[in-house]
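Novice: Contents of structure.cif (mmCIF, C-alpha atoms):
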```cif
data_model
loop_
_atom_site.label_atom_id
_atom_site.label_comp_id
_atom_site.auth_asym_id
_atom_site.auth_seq_id
_atom_site.Cartn_x
_atom_site.Cartn_y
_atom_site.Cartn_z
CA MET A 23 156.90 55.62 148.08
CA GLU A 24 158.56 53.60 150.86
CA LEU A 25 162.34 53.56 150.74
CA SER A 26 162.50 49.76 150.39
CA LYS A 27 160.16 49.85 147.38
CA LEU A 28 162.09 52.75 145.88
CA THR A 29 165.43 50.96 146.12
CA LEU A 30 163.97 47.79 144.64
CA GLU A 31 162.60 49.78 141.69
CA ILE A 32 165.97 51.46 141.19
CA PHE A 33 167.91 48.21 141.22
CA SER A 34 165.59 46.24 139.00
CA LYS A 35 166.66 48.76 136.35
CA LEU A 36 170.30 48.88 137.44
CA GLU A 37 170.76 45.14 137.17
CA GLN A 38 169.71 45.25 133.53
CA LYS A 39 172.31 47.90 132.68
CA TRP A 40 175.15 47.37 135.15
CA LEU A 41 175.21 43.83 136.43
CA HIS A 42 174.31 41.98 133.24
CA HIS A 43 175.66 42.28 129.70
CA CYS A 44 177.43 45.57 130.35
CA GLU A 45 179.74 46.57 127.52
CA GLY A 46 183.26 46.59 128.92
CA LYS A 47 184.45 49.41 126.67
CA LYS A 48 182.01 51.90 128.15
CA THR A 49 183.37 54.46 130.62
CA ARG A 50 181.24 54.32 133.76
CA VAL A 51 180.30 57.53 135.56
CA LEU A 52 178.74 57.61 139.03
CA SER A 53 177.03 60.89 139.92
CA ILE A 54 175.56 61.53 143.39
CA ASP A 55 173.37 64.62 143.77
CA GLY A 56 173.27 66.99 146.70
CA GLY A 57 170.23 68.93 147.83
CA GLY A 58 169.31 67.06 151.00
CA THR A 59 170.74 66.86 154.48
CA THR A 60 170.38 63.15 155.19
CA GLY A 61 171.54 61.46 151.99
CA ILE A 62 169.29 58.57 152.96
CA VAL A 63 168.15 57.63 149.44
CA ALA A 64 171.66 57.82 147.99
CA SER A 65 173.11 55.91 150.95
CA ALA A 66 170.56 53.12 150.66
CA ALA A 67 171.04 52.93 146.89
CA LEU A 68 174.83 52.71 147.21
CA VAL A 69 174.69 50.05 149.92
CA HIS A 70 172.30 47.97 147.82
CA LEU A 71 174.39 48.43 144.68
CA GLU A 72 177.60 47.32 146.39
CA TYR A 73 175.83 44.32 147.91
CA GLN A 74 174.49 43.27 144.51
CA ILE A 75 177.94 43.65 142.96
CA GLN A 76 179.39 41.38 145.65
CA GLU A 77 176.60 38.84 145.16
CA LYS A 78 176.94 38.77 141.37
CA THR A 79 180.75 38.57 141.40
CA GLY A 80 181.13 36.31 144.43
CA ASP A 81 183.72 38.75 145.79
CA SER A 82 182.93 40.03 149.29
CA ASN A 83 185.73 42.60 148.96
CA ALA A 84 184.32 44.16 145.79
CA ARG A 85 183.69 47.87 146.10
CA ILE A 86 181.69 50.36 144.04
CA ALA A 87 184.93 52.11 143.06
CA ASP A 88 186.03 48.91 141.29
CA TYR A 89 183.16 49.26 138.82
CA PHE A 90 183.24 52.97 138.01
CA ASP A 91 185.83 55.03 136.16
CA ILE A 92 184.98 58.41 137.72
CA VAL A 93 182.80 59.58 140.60
CA VAL A 94 181.23 63.04 140.99
CA GLY A 95 179.04 64.63 143.63
CA THR A 96 177.79 67.86 145.18
CA GLY A 97 176.77 68.59 148.76
CA ILE A 98 176.18 65.46 150.80
CA GLY A 99 176.46 63.51 147.55
CA ALA A 100 180.08 64.69 147.32
CA LEU A 101 180.73 63.41 150.84
CA LEU A 102 179.48 59.95 149.86
CA ALA A 103 181.40 60.07 146.57
CA ALA A 104 184.67 61.03 148.25
CA MET A 105 184.30 58.34 150.90
CA LEU A 106 183.81 55.68 148.22
CA VAL A 107 187.07 56.56 146.44
CA ALA A 108 189.30 57.78 149.31
CA ASP A 109 192.50 55.69 149.25
CA ASP A 110 193.31 53.59 152.31
CA GLY A 111 197.03 53.78 151.48
CA SER A 112 197.18 50.55 149.50
CA GLY A 113 195.13 51.59 146.48
CA ARG A 114 191.85 50.32 147.90
CA PRO A 115 188.80 52.33 149.03
CA LEU A 116 188.96 53.50 152.63
CA PHE A 117 185.20 53.00 153.08
CA SER A 118 182.74 50.41 151.87
CA ALA A 119 179.34 51.75 150.85
CA ARG A 120 177.89 50.45 154.12
CA ASP A 121 180.65 52.09 156.16
CA ALA A 122 180.08 55.40 154.36
CA ALA A 123 176.32 55.22 154.85
CA LYS A 124 176.74 54.40 158.54
CA PHE A 125 179.20 57.26 159.03
CA VAL A 126 176.79 59.75 157.46
CA ALA A 127 173.82 58.42 159.44
CA ASP A 128 175.72 58.35 162.74
CA ASN A 129 177.00 61.90 162.25
CA GLN A 130 173.88 63.58 160.84
CA ALA A 131 173.32 65.62 163.98
CA GLU A 132 176.87 67.00 163.92
CA LEU A 133 177.10 67.47 160.16
CA TYR A 134 173.98 69.62 160.28
CA LYS A 135 174.03 71.02 163.80
CA VAL A 136 171.61 73.89 164.18
CA LYS A 137 173.18 77.14 165.32
CA ASN A 138 171.68 79.21 168.10
CA VAL A 139 170.50 82.18 166.03
CA GLY A 140 167.94 83.61 168.41
CA VAL A 141 164.22 83.40 168.82
CA PHE A 142 163.38 85.50 165.73
CA ARG A 143 165.25 83.36 163.18
CA ARG A 144 163.63 83.19 159.75
CA ARG A 145 165.36 80.07 158.52
CA MET A 146 167.44 77.27 159.97
CA ARG A 147 171.21 77.85 159.95
CA PHE A 148 173.87 75.22 160.62
CA SER A 149 177.24 75.21 162.36
CA GLY A 150 180.20 75.09 160.00
CA ARG A 151 182.56 74.34 162.88
CA SER A 152 180.64 71.19 163.79
CA MET A 153 180.72 69.97 160.19
CA ASP A 154 184.47 70.67 160.00
CA ILE A 155 185.15 68.30 162.90
CA VAL A 156 183.18 65.46 161.32
CA LEU A 157 184.75 65.88 157.87
CA LYS A 158 188.29 66.00 159.29
CA GLU A 159 187.60 62.69 161.03
CA ALA A 160 186.31 61.09 157.83
CA PHE A 161 189.34 61.99 155.72
CA ARG A 162 192.17 61.41 158.18
CA ARG A 163 193.59 57.90 157.92
CA ASP A 164 194.63 55.82 160.91
CA ASP A 165 198.27 56.62 160.09
CA GLY A 166 197.45 60.29 160.62
CA LYS A 167 197.60 61.32 156.96
CA VAL A 168 195.10 63.99 155.96
CA LEU A 169 193.83 62.99 152.52
CA THR A 170 193.86 65.33 149.54
CA LEU A 171 192.33 65.10 146.07
CA LYS A 172 195.34 63.09 144.92
CA ASP A 173 194.66 60.45 147.57
CA THR A 174 191.82 58.75 145.74
CA CYS A 175 191.79 55.35 144.07
CA LYS A 176 189.55 56.58 141.23
CA PRO A 177 189.09 60.04 139.65
CA LEU A 178 186.91 62.32 141.76
CA LEU A 179 185.11 65.47 140.63
CA VAL A 180 183.45 67.98 142.98
CA PRO A 181 181.89 71.22 141.63
CA CYS A 182 181.37 74.39 143.64
CA PHE A 183 180.85 78.07 142.83
CA ASP A 184 183.67 80.54 143.56
CA LEU A 185 182.40 83.92 144.75
CA GLN A 186 185.84 85.47 144.20
CA SER A 187 185.79 84.83 140.45
CA SER A 188 181.99 84.65 140.11
CA ALA A 189 182.40 81.40 138.20
CA PRO A 190 182.06 77.66 138.75
CA PHE A 191 185.12 75.93 140.19
CA VAL A 192 185.57 72.19 139.79
CA PHE A 193 187.86 70.28 142.13
CA SER A 194 189.34 67.27 140.34
CA ARG A 195 191.95 64.61 140.90
CA ALA A 196 193.19 65.19 137.36
CA ASP A 197 194.10 68.81 138.10
CA ALA A 198 195.50 67.92 141.52
CA SER A 199 197.82 65.38 139.92
CA GLU A 200 199.14 68.04 137.56
CA SER A 201 199.94 70.68 140.18
CA PRO A 202 199.83 71.14 143.98
CA SER A 203 198.16 74.47 143.21
CA PHE A 204 195.02 72.48 142.38
CA ASP A 205 195.34 69.91 145.15
CA PHE A 206 193.08 70.52 148.15
CA GLU A 207 192.43 68.60 151.34
CA LEU A 208 189.42 66.36 150.79
CA TRP A 209 187.57 67.47 153.89
CA LYS A 210 187.81 71.09 152.77
CA VAL A 211 186.57 70.20 149.28
CA ILE A 212 183.47 68.57 150.78
CA ARG A 213 183.02 71.50 153.13
CA ALA A 214 183.15 73.86 150.14
CA THR A 215 180.53 72.07 148.06
CA SER A 216 178.29 71.75 151.14
CA ALA A 217 178.14 75.51 151.72
CA THR A 218 174.54 76.01 150.61
CA PRO A 219 173.85 79.75 151.12
CA SER A 220 170.58 79.22 153.00
CA MET A 221 172.33 76.87 155.44
CA PHE A 222 176.02 77.83 155.74
CA LYS A 223 178.28 80.81 155.23
CA PRO A 224 180.57 80.73 152.13
CA TYR A 225 183.67 78.64 152.81
CA LYS A 226 187.21 79.90 152.12
CA LEU A 227 189.86 77.31 151.27
CA SER A 228 193.32 77.25 149.70
CA SER A 229 195.31 74.66 147.78
CA THR A 230 198.00 72.62 149.54
CA ASP A 231 200.71 75.01 148.32
CA GLY A 232 198.62 78.08 149.17
CA LYS A 233 198.74 79.51 145.65
CA ILE A 234 195.07 79.05 144.71
CA SER A 235 192.13 80.04 146.90
CA CYS A 236 188.39 79.81 146.54
CA LEU A 237 185.44 81.35 148.39
CA ALA A 238 182.99 78.57 147.80
CA VAL A 239 179.27 77.97 147.91
CA ASP A 240 177.34 74.86 146.94
CA GLY A 241 178.23 73.70 143.43
CA GLY A 242 174.79 72.22 142.87
CA LEU A 243 173.37 75.74 142.66
CA VAL A 244 174.98 76.40 139.28
CA MET A 245 176.25 73.08 137.95
CA ASN A 246 174.66 69.70 137.43
CA PRO A 247 177.21 67.14 138.69
CA THR A 248 176.40 64.68 135.92
CA ALA A 249 176.91 67.33 133.24
CA ALA A 250 180.17 68.34 134.91
CA ALA A 251 181.41 64.75 134.85
CA VAL A 252 180.42 64.14 131.23
CA THR A 253 182.13 67.36 130.13
CA HIS A 254 185.24 66.47 132.12
CA VAL A 255 185.50 62.99 130.64
CA LEU A 256 184.95 64.19 127.07
CA HIS A 257 187.77 66.74 127.41
CA ASN A 258 190.21 64.61 129.42
CA LYS A 259 191.99 62.51 126.82
CA ARG A 260 194.83 61.67 129.21
CA ASP A 261 192.65 59.68 131.61
CA PHE A 262 189.90 58.67 129.17
CA PRO A 263 191.57 58.19 125.76
CA SER A 264 188.92 55.77 124.46
CA VAL A 265 186.02 58.21 124.92
CA THR A 266 185.10 59.98 121.69
CA GLY A 267 181.51 60.93 122.51
CA VAL A 268 178.61 60.44 124.88
CA ASP A 269 177.84 57.06 123.32
CA ASP A 270 181.01 55.79 125.00
CA LEU A 271 179.62 56.58 128.47
CA LEU A 272 177.35 54.81 130.92
CA VAL A 273 176.07 57.20 133.59
CA LEU A 274 174.42 56.28 136.88
CA SER A 275 172.94 59.35 138.59
CA ILE A 276 171.59 58.95 142.13
CA GLY A 277 169.50 61.58 143.89
CA THR A 278 169.36 62.18 147.64
CA GLY A 279 165.65 62.71 148.19
CA PRO A 280 163.91 65.84 149.53
CA LEU A 281 165.43 68.31 151.96
CA SER A 282 164.65 66.97 155.42
CA SER A 283 165.45 67.77 159.01
CA PRO A 284 168.38 65.57 160.13
CA SER A 285 166.52 64.83 163.35
CA THR A 286 163.49 63.31 161.62
CA VAL A 287 165.04 60.79 159.23
CA LYS A 288 167.41 57.96 160.06
CA LEU A 289 169.01 55.32 157.87
CA THR A 290 167.85 51.82 158.72
CA HIS A 291 169.07 48.46 157.52
#
```
Just give me the structure as structure tokens.

Specialist:
Amino acid sequence: MELSKLTLEIFSKLEQKWLHHCEGKKTRVLSIDGGGTTGIVASAALVHLEYQIQEKTGDSNARIADYFDIVVGTGIGALLAAMLVADDGSGRPLFSARDAAKFVADNQAELYKVKNVGVFRRRMRFSGRSMDIVLKEAFRRDDGKVLTLKDTCKPLLVPCFDLQSSAPFVFSRADASESPSFDFELWKVIRATSATPSMFKPYKLSSTDGKISCLAVDGGLVMNPTAAAVTHVLHNKRDFPSVTGVDDLLVLSIGTGPLSSPSTVKLTH
């Protein structure tokens, strides 16, 4: 299916649920899957969604973060999610959906830069150092501040798997707000959830106070981001006191399309 037809199909359904007659008491969850290297489907969907929100509300400054109560993602989906809720310093999103999509498209080659692994390589491997540079740029504000999990205008959830404890580890703004031992730099969080074993080495990161560390691989391997978000909301009475069950939730889950070579797919308007 062509991307334009796919997005139209998606949004004919979205408009029924999200842009018309939406029950205000529902807690809205946005989940963006990982699993691809381009994020082209998710990017196009998010750009279209934000445009439709602006059209329906008549507010050109409306952002996706204004219409969701929590955002979750894994892999490249986590990068898009974090960009949508990163705080610009005044309580507003640092990136519009279009800005985020453009950043990902413009930096595809560096985010997934193929390493020189010799002529007998069995599978494609990517440069973690190259990705680090791009992610640092994304989550450093113009004033020089390096953003952490606390620096988001809406709750953010990013699952990974910790090889040190052999258990899932979920980065969350809620935990970061409780203790610096659970606050991590955003670029490192995205780097952690992007460490798919077949593509990158496990990524070691520590909290801002250095007390908690994690040897991370891709969270999408062991945890569905939507399930992680629903579980988090149901058990977080401080941030979501009105939620008593799944009937109180509206969930929008966006996939990223098939795994593709970054050099063969580009985001177009």

Novice: Nearest to Ile75 of chain A among A:Ala119, A:Val156, A:Val273, A:Ala127, with distances taken over all atoms listed in the file: which residue is it?

Specialist: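 The closest residue to Ile75 of chain A is A:Ala119.
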
Novice: Of the candidates A:Ile98, A:Cys175, A:Ile54, A:Ile276, which one gets nearest to Trp209 of chain A if we count all atoms listed in the file?

Specialist: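 Answer, going by the shortest atom-to-atom distance: A:Ile98.
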
Novice: Just the number, please: distance in Å from atom CA of Met153 of chain A to atom CA of Lys210 of chain A, one decimal.

Specialist: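 Separation between atom CA of Met153 of chain A and atom CA of Lys210 of chain A: 10.3 Å.
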
Novice: To one decimal place, how far is atom CA of Tyr225 of chain A from atom CA of Gly241 of chain A in Å?

Specialist: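 The value is 11.9 Å.
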
Novice: Which residues are near Leu271 of chain A? Cut-off 6 Å, all atoms listed in the file, ignore same chain within fewer than 5 positions. Put them as a PDB file with C-alpha atoms, keeping the file's coordinate frame.

Specialist:
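Dumped everything to out_4.pdb:
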```pdb
ATOM      1  CA  LYS A  48     182.010  51.900 128.150  1.00  0.00           C
ATOM      2  CA  THR A  49     183.370  54.460 130.620  1.00  0.00           C
ATOM      3  CA  ARG A  50     181.240  54.320 133.760  1.00  0.00           C
TER       4      ARG A  50
END
```

Novice: Quick one, how far is atom CA of Val63 of chain A from atom CA of Ala123 of chain A?

Specialist: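 About the pair atom CA of Val63 of chain A and atom CA of Ala123 of chain A: they are 10.1 Å apart.
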
Novice: Could you state which residues are captured by the PyMOL selection byres ((chain A and resi 107) around 10) in this file, as a PDB file with C-alpha atoms, in the coordinates of the input?

Specialist:
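What landed in expr-v1.pdb:
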```pdb
ATOM      1  CA  ARG A  85     183.690  47.870 146.100  1.00  0.00           C
ATOM      2  CA  ILE A  86     181.690  50.360 144.040  1.00  0.00           C
ATOM      3  CA  ALA A  87     184.930  52.110 143.060  1.00  0.00           C
ATOM      4  CA  ASP A  88     186.030  48.910 141.290  1.00  0.00           C
ATOM      5  CA  PHE A  90     183.240  52.970 138.010  1.00  0.00           C
ATOM      6  CA  ILE A  92     184.980  58.410 137.720  1.00  0.00           C
ATOM      7  CA  VAL A  93     182.800  59.580 140.600  1.00  0.00           C
ATOM      8  CA  LEU A 102     179.480  59.950 149.860  1.00  0.00           C
ATOM      9  CA  ALA A 103     181.400  60.070 146.570  1.00  0.00           C
ATOM     10  CA  ALA A 104     184.670  61.030 148.250  1.00  0.00           C
ATOM     11  CA  MET A 105     184.300  58.340 150.900  1.00  0.00           C
ATOM     12  CA  LEU A 106     183.810  55.680 148.220  1.00  0.00           C
ATOM     13  CA  ALA A 108     189.300  57.780 149.310  1.00  0.00           C
ATOM     14  CA  ASP A 109     192.500  55.690 149.250  1.00  0.00           C
ATOM     15  CA  ASP A 110     193.310  53.590 152.310  1.00  0.00           C
ATOM     16  CA  GLY A 113     195.130  51.590 146.480  1.00  0.00           C
ATOM     17  CA  ARG A 114     191.850  50.320 147.900  1.00  0.00           C
ATOM     18  CA  PRO A 115     188.800  52.330 149.030  1.00  0.00           C
ATOM     19  CA  LEU A 116     188.960  53.500 152.630  1.00  0.00           C
ATOM     20  CA  PHE A 117     185.200  53.000 153.080  1.00  0.00           C
ATOM     21  CA  SER A 118     182.740  50.410 151.870  1.00  0.00           C
ATOM     22  CA  ASP A 173     194.660  60.450 147.570  1.00  0.00           C
ATOM     23  CA  THR A 174     191.820  58.750 145.740  1.00  0.00           C
ATOM     24  CA  CYS A 175     191.790  55.350 144.070  1.00  0.00           C
ATOM     25  CA  LYS A 176     189.550  56.580 141.230  1.00  0.00           C
ATOM     26  CA  PRO A 177     189.090  60.040 139.650  1.00  0.00           C
ATOM     27  CA  LEU A 178     186.910  62.320 141.760  1.00  0.00           C
TER      28      LEU A 178
END
```

Novice: Please put the answer as AutoDock Vina command-line options: centre and edge lengths, in Å with one decimal, of a box along x, y and z that encloses all listed atoms of segment 218-231 of chain A plus 4 Å on each side.

Specialist:
```
--center_x 185.6 --center_y 76.7 --center_z 151.8 --size_x 38.1 --size_y 16.2 --size_z 16.0
```

Novice: Would you mind telling me which residue in A:Val51, A:Leu68, A:Cys182, A:Val168 lies nearest to Val244 of chain A when using all atoms listed in the file?

Specialist: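 Among the listed residues, A:Cys182 lies closest to Val244 of chain A.
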
Novice: Can you find the residues with an atom no farther than 12 Å from (188.8, 76.6, 152.6), counting only C-alpha atoms, and report them as JSON, numbers by chain?

Specialist: {"A": [150, 154, 182, 184, 205, 206, 207, 208, 209, 210, 211, 212, 213, 214, 215, 216, 217, 223, 224, 225, 226, 227, 228, 229, 230, 232, 234, 235, 236, 237, 238, 239]}

Novice: Using all atoms listed in the file, pick whichever of A:Leu274, A:Ala160, A:Thr218, A:Glu72 has the shortest atom-to-atom distance to Asp128 of chain A.

Specialist: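 Ranked by minimum distance to Asp128 of chain A, first place goes to A:Ala160.
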
Novice: Considering only C-alpha atoms, can you say which of A:Arg151, A:His254, A:His70, A:Arg162 comes closest to Lys137 of chain A?

Specialist: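 Checking each candidate against Lys137 of chain A, we get A:Arg151 as the closest.
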
Novice: Calculated over all atoms listed in the file, which of the candidates A:Leu169, A:Val94, A:Ala122, A:Val265 has the smallest distance to Met245 of chain A?

Specialist: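 Selected residue with least distance to Met245 of chain A: A:Val94.
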
Novice: Distance cut-off 10 Å, centre (172.4, 61.0, 139.3) in file coordinates, counting all atoms listed in the file: which residues qualify? Return them as a list of chain:residue names.

Specialist: A:Val51, A:Leu52, A:Ser53, A:Ile54, A:Asp55, A:Gly56, A:Ala64, A:Val94, A:Gly95, A:Gly99, A:Asn246, A:Pro247, A:Thr248, A:Ala249, A:Val273, A:Leu274, A:Ser275, A:Ile276, A:Gly277, A:Thr278

Novice: Save out the residues we just selected, C-alpha atoms, as a PDB file, in the frame of the given file.

Specialist:
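Dumped to part35.pdb:
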```pdb
ATOM      1  CA  VAL A  51     180.300  57.530 135.560  1.00  0.00           C
ATOM      2  CA  LEU A  52     178.740  57.610 139.030  1.00  0.00           C
ATOM      3  CA  SER A  53     177.030  60.890 139.920  1.00  0.00           C
ATOM      4  CA  ILE A  54     175.560  61.530 143.390  1.00  0.00           C
ATOM      5  CA  ASP A  55     173.370  64.620 143.770  1.00  0.00           C
ATOM      6  CA  GLY A  56     173.270  66.990 146.700  1.00  0.00           C
ATOM      7  CA  ALA A  64     171.660  57.820 147.990  1.00  0.00           C
ATOM      8  CA  VAL A  94     181.230  63.040 140.990  1.00  0.00           C
ATOM      9  CA  GLY A  95     179.040  64.630 143.630  1.00  0.00           C
ATOM     10  CA  GLY A  99     176.460  63.510 147.550  1.00  0.00           C
ATOM     11  CA  ASN A 246     174.660  69.700 137.430  1.00  0.00           C
ATOM     12  CA  PRO A 247     177.210  67.140 138.690  1.00  0.00           C
ATOM     13  CA  THR A 248     176.400  64.680 135.920  1.00  0.00           C
ATOM     14  CA  ALA A 249     176.910  67.330 133.240  1.00  0.00           C
ATOM     15  CA  VAL A 273     176.070  57.200 133.590  1.00  0.00           C
ATOM     16  CA  LEU A 274     174.420  56.280 136.880  1.00  0.00           C
ATOM     17  CA  SER A 275     172.940  59.350 138.590  1.00  0.00           C
ATOM     18  CA  ILE A 276     171.590  58.950 142.130  1.00  0.00           C
ATOM     19  CA  GLY A 277     169.500  61.580 143.890  1.00  0.00           C
ATOM     20  CA  THR A 278     169.360  62.180 147.640  1.00  0.00           C
TER      21      THR A 278
END
```
